[in-house]
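**Q** protein.pdb (PDB, C-alpha atoms) pasted underneath:
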```
ATOM      1  CA  MET A 110     -10.920  43.624 -15.177
ATOM      2  CA  ALA A 111     -13.078  40.750 -16.490
ATOM      3  CA  GLN A 112      -9.948  38.920 -17.634
ATOM      4  CA  LYS A 113      -8.411  39.335 -14.179
ATOM      5  CA  ARG A 114     -11.532  37.868 -12.539
ATOM      6  CA  TYR A 115     -11.519  34.972 -15.015
ATOM      7  CA  LEU A 116      -7.854  34.180 -14.317
ATOM      8  CA  MET A 117      -8.477  34.367 -10.567
ATOM      9  CA  GLY A 118     -11.379  31.916 -10.946
ATOM     10  CA  VAL A 119      -9.202  29.513 -12.943
ATOM     11  CA  LEU A 120      -6.443  29.750 -10.340
ATOM     12  CA  VAL A 121      -8.823  29.072  -7.442
ATOM     13  CA  SER A 122     -10.361  26.123  -9.325
ATOM     14  CA  MET A 123      -6.921  24.614  -9.947
ATOM     15  CA  ILE A 124      -5.951  24.975  -6.299
ATOM     16  CA  VAL A 125      -9.178  23.279  -5.177
ATOM     17  CA  LEU A 126      -8.676  20.410  -7.662
ATOM     18  CA  VAL A 127      -5.074  19.822  -6.581
ATOM     19  CA  TRP A 128      -6.072  19.942  -2.910
ATOM     20  CA  ALA A 129      -8.960  17.494  -3.458
ATOM     21  CA  ALA A 130      -6.714  15.084  -5.387
ATOM     22  CA  ALA A 131      -4.119  15.215  -2.619
ATOM     23  CA  LEU A 132      -6.731  14.475   0.048
ATOM     24  CA  ASN A 133      -8.243  11.619  -1.937
ATOM     25  CA  GLY A 134      -4.923   9.799  -2.077
ATOM     26  CA  ALA A 135      -3.739  10.891   1.348
ATOM     27  CA  GLY A 136      -1.635   8.229   3.003
ATOM     28  CA  LEU A 137      -1.525   5.874   0.008
ATOM     29  CA  LYS A 138       2.110   5.530  -1.010
ATOM     30  CA  PRO A 139       4.048   3.377  -3.460
ATOM     31  CA  ILE A 140       7.542   2.598  -2.093
ATOM     32  CA  THR A 141      10.655   0.675  -3.130
ATOM     33  CA  PRO A 142      11.743  -2.553  -1.404
ATOM     34  CA  LYS A 143      14.578  -0.686   0.352
ATOM     35  CA  GLU A 144      12.102   1.888   1.673
ATOM     36  CA  ALA A 145       9.795  -0.971   2.712
ATOM     37  CA  TYR A 146      12.672  -2.704   4.527
ATOM     38  CA  ASP A 147      13.465   0.508   6.414
ATOM     39  CA  LEU A 148       9.768   0.962   7.247
ATOM     40  CA  VAL A 149       9.527  -2.616   8.564
ATOM     41  CA  ARG A 150      12.609  -2.147  10.750
ATOM     42  CA  LYS A 151      11.358   1.201  12.043
ATOM     43  CA  ASN A 152       7.984  -0.334  12.982
ATOM     44  CA  ALA A 153       9.229  -3.607  14.486
ATOM     45  CA  GLY A 154       6.936  -4.461  17.387
ATOM     46  CA  ASN A 155       4.403  -1.756  16.503
ATOM     47  CA  PRO A 156       0.927  -3.361  16.756
ATOM     48  CA  ASP A 157      -0.505  -0.613  14.535
ATOM     49  CA  PHE A 158       1.761  -1.566  11.617
ATOM     50  CA  VAL A 159       0.633  -4.557   9.528
ATOM     51  CA  ILE A 160       2.682  -6.244   6.797
ATOM     52  CA  LEU A 161       0.250  -7.892   4.400
ATOM     53  CA  ASP A 162       1.415 -10.531   1.916
ATOM     54  CA  VAL A 163      -1.316 -11.065  -0.708
ATOM     55  CA  ARG A 164       0.359 -14.039  -2.431
ATOM     56  CA  THR A 165      -0.906 -17.605  -2.259
ATOM     57  CA  PRO A 166      -0.176 -19.628   0.908
ATOM     58  CA  ASP A 167       2.393 -21.723  -1.025
ATOM     59  CA  GLU A 168       4.229 -18.578  -2.164
ATOM     60  CA  TYR A 169       4.092 -17.214   1.387
ATOM     61  CA  ASP A 170       5.576 -20.453   2.771
ATOM     62  CA  GLU A 171       8.486 -20.231   0.293
ATOM     63  CA  GLY A 172       9.611 -17.015   1.975
ATOM     64  CA  HIS A 173       7.997 -13.820   3.236
ATOM     65  CA  ILE A 174       8.875 -10.582   4.976
ATOM     66  CA  GLU A 175       9.297 -11.241   8.688
ATOM     67  CA  GLY A 176       6.097 -10.491  10.589
ATOM     68  CA  ALA A 177       3.867 -10.571   7.500
ATOM     69  CA  ILE A 178       0.375 -11.999   7.582
ATOM     70  CA  ASN A 179      -1.027 -13.753   4.524
ATOM     71  CA  ILE A 180      -4.371 -12.976   2.902
ATOM     72  CA  ASP A 181      -4.487 -14.664  -0.514
ATOM     73  CA  TYR A 182      -5.555 -12.236  -3.245
ATOM     74  CA  TYR A 183      -6.986 -15.126  -5.276
ATOM     75  CA  HIS A 184      -9.141 -16.465  -2.429
ATOM     76  CA  PRO A 185     -12.870 -15.815  -3.012
ATOM     77  CA  GLY A 186     -13.140 -14.186   0.430
ATOM     78  CA  PHE A 187     -10.272 -11.732  -0.141
ATOM     79  CA  GLN A 188     -12.405  -8.582  -0.280
ATOM     80  CA  SER A 189     -14.445  -9.538   2.769
ATOM     81  CA  GLU A 190     -11.216 -10.219   4.721
ATOM     82  CA  ILE A 191      -9.839  -6.799   3.742
ATOM     83  CA  LYS A 192     -13.089  -5.111   4.794
ATOM     84  CA  LYS A 193     -12.630  -6.596   8.300
ATOM     85  CA  LEU A 194      -9.232  -4.918   8.770
ATOM     86  CA  ASP A 195      -8.804  -1.943  11.090
ATOM     87  CA  ARG A 196      -8.691   1.203   8.940
ATOM     88  CA  SER A 197      -6.788   3.108  11.635
ATOM     89  CA  LYS A 198      -3.684   0.923  11.241
ATOM     90  CA  THR A 199      -0.803   1.354   8.805
ATOM     91  CA  TYR A 200      -0.418  -1.339   6.124
ATOM     92  CA  LEU A 201       2.450  -2.439   3.903
ATOM     93  CA  LEU A 202       1.174  -4.494   0.948
ATOM     94  CA  TYR A 203       3.259  -6.760  -1.257
ATOM     95  CA  CYS A 204       3.094  -9.788  -3.556
ATOM     96  CA  ARG A 205       5.560 -11.461  -5.951
ATOM     97  CA  THR A 206       5.830  -8.778  -8.657
ATOM     98  CA  GLY A 207       3.572  -5.941  -7.518
ATOM     99  CA  ASN A 208       0.535  -6.737  -9.671
ATOM    100  CA  ARG A 209      -1.729  -8.339  -7.056
ATOM    101  CA  SER A 210      -0.638  -5.962  -4.324
ATOM    102  CA  GLY A 211      -1.210  -3.059  -6.739
ATOM    103  CA  SER A 212      -4.798  -4.222  -7.209
ATOM    104  CA  ALA A 213      -5.156  -4.685  -3.452
ATOM    105  CA  PHE A 214      -3.727  -1.176  -2.992
ATOM    106  CA  ARG A 215      -6.527   0.214  -5.183
ATOM    107  CA  LEU A 216      -9.078  -1.728  -3.097
ATOM    108  CA  PHE A 217      -7.649  -0.221   0.104
ATOM    109  CA  GLU A 218      -8.009   3.188  -1.539
ATOM    110  CA  GLU A 219     -11.656   2.506  -2.500
ATOM    111  CA  LEU A 220     -12.369   1.368   1.052
ATOM    112  CA  ARG A 221     -10.841   4.602   2.351
ATOM    113  CA  PHE A 222      -7.950   3.157   4.320
ATOM    114  CA  GLN A 223      -5.795   6.086   5.345
ATOM    115  CA  ASP A 224      -2.213   4.866   5.700
ATOM    116  CA  VAL A 225      -1.178   2.240   3.149
ATOM    117  CA  TYR A 226       2.157   1.495   1.478
ATOM    118  CA  HIS A 227       2.509  -0.580  -1.672
ATOM    119  CA  MET A 228       5.907  -2.201  -2.236
ATOM    120  CA  GLU A 229       6.636  -1.912  -5.939
ATOM    121  CA  GLY A 230       8.262  -4.904  -7.624
ATOM    122  CA  GLY A 231       7.200  -7.345  -4.903
ATOM    123  CA  THR A 232       9.384 -10.092  -3.486
ATOM    124  CA  SER A 233      11.084 -10.525  -6.868
ATOM    125  CA  ARG A 234      12.614  -7.063  -6.585
ATOM    126  CA  TRP A 235      13.077  -7.462  -2.803
ATOM    127  CA  LYS A 236      15.253 -10.570  -3.416
ATOM    128  CA  ARG A 237      17.184  -8.888  -6.267
ATOM    129  CA  GLU A 238      18.092  -6.142  -3.810
ATOM    130  CA  GLY A 239      19.442  -8.747  -1.364
ATOM    131  CA  LEU A 240      16.850  -8.148   1.340
ATOM    132  CA  PRO A 241      15.945 -10.972   3.764
ATOM    133  CA  LEU A 242      12.899 -13.227   3.661
ATOM    134  CA  VAL A 243      11.943 -15.768   6.314
ATOM    135  CA  LYS A 244      10.320 -19.177   5.966
ATOM    136  CA  LYS A 245       7.614 -20.595   8.190
TER     137      LYS A 245
END
```
Mind converting the file's structure to structure tokens?

**A**
Amino acid sequence: MAQKRYLMGVLVSMIVLVWAAALNGAGLKPITPKEAYDLVRKNAGNPDFVILDVRTPDEYDEGHIEGAINIDYYHPGFQSEIKKLDRSKTYLLYCRTGNRSGSAFRLFEELRFQDVYHMEGGTSRWKREGLPLVKK
């Protein structure tokens, strides 16, 4: 009987931990460039969907995902700019290789943004997959 109660307690604890972990990361999703491309197309014209390029302005000018806005990860005001963003919107983050946008993704998580996608591999992988970029 005591063993049964112990096992039930362990089971309940595990369920609570899994549930809490799922809620903590709710809406924060890493995706491939192809999935990102499909997401961009699906949300074309949606004012609640924001494509955020965290590369430098020069990198952005060389080619970016159509409709993307640029907030430079290396700019001293980066965090304060992110804090100004509307947390109710959906965001797609990307950079050149995924490193800067991965760090930005963690910041969005810390700031409790609810619906954020991180494009893994950045524009390097996006281009390798033959997906389109636009220039200013």

**Q** Return the padded bounding box of region 138-156 of chain A as AutoDock Vina command-line options: axis-aligned, built from all atoms listed in the file, 6 Å added on each side, with centre and edge lengths in Å to one decimal.

**A**
```
--center_x 7.8 --center_y 0.5 --center_z 7.0 --size_x 25.7 --size_y 22.0 --size_z 32.8
```

**Q** Quick one: residues within 9 Å of Val225 (chain A), only C-alpha atoms counted, chain neighbours fewer than 2 positions away excluded, as a PyMOL selection string?

**A** chain A and resi 136-139+198-202+214+217-218+222-223+227

**Q** Translate the PyMOL selection byres ((chain A and resi 167-173) around 7) into a concrete residue list for this structure, as a VMD selection string.

**A** chain A and resid 164 to 166 174 to 175 177 179 242 to 245

**Q** Do you know which residues the PyMOL selection byres ((chain A and resi 183) around 9) returns on this file, as a compact mmCIF listing (two decimals) with C-alpha atoms, keeping the file's coordinate frame?

**A**
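This went into part39.txt:
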```txt
# COMPACT_ATOMS: atom_id res chain seq x y z
CA VAL A 163 -1.32 -11.06 -0.71
CA ARG A 164 0.36 -14.04 -2.43
CA THR A 165 -0.91 -17.60 -2.26
CA ILE A 180 -4.37 -12.98 2.90
CA ASP A 181 -4.49 -14.66 -0.51
CA TYR A 182 -5.56 -12.24 -3.24
CA HIS A 184 -9.14 -16.46 -2.43
CA PRO A 185 -12.87 -15.82 -3.01
CA GLY A 186 -13.14 -14.19 0.43
CA PHE A 187 -10.27 -11.73 -0.14
CA ARG A 209 -1.73 -8.34 -7.06
```

**Q** Distance CA of Phe158 (chain A)-CA of Tyr146 (chain A), one decimal place?

**A**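 So the answer is 13.1 Å.
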
**Q** Report the residues retrieved by the PyMOL selection byres ((chain A and resi 228) around 8) from the displayed file, expressed as a list in words.

**A** Pro139, Ile140, Thr141, Pro142, Ala145, Leu201, Leu202, Tyr203, Gly207, Ser210, Tyr226, His227, Glu229, Gly230 and Gly231 of chain A

**Q** One decimal, in Å: what's the spacing between CA of Glu238 (chain A) and CA of Ile191 (chain A)?

**A** 28.9 Å

**Q** Could you tell me which of A:Leu216, A:Gly154, A:Val159, A:Asp147 comes closest to Ser189 (chain A) if we count all atoms listed in the file?

**A** A:Leu216

**Q** Record the distance separating CA of Arg237 (chain A) and CA of Asp157 (chain A), expressed in Å with one decimal.

**A**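 Between CA of Arg237 (chain A) and CA of Asp157 (chain A) the gap works out to 28.5 Å.
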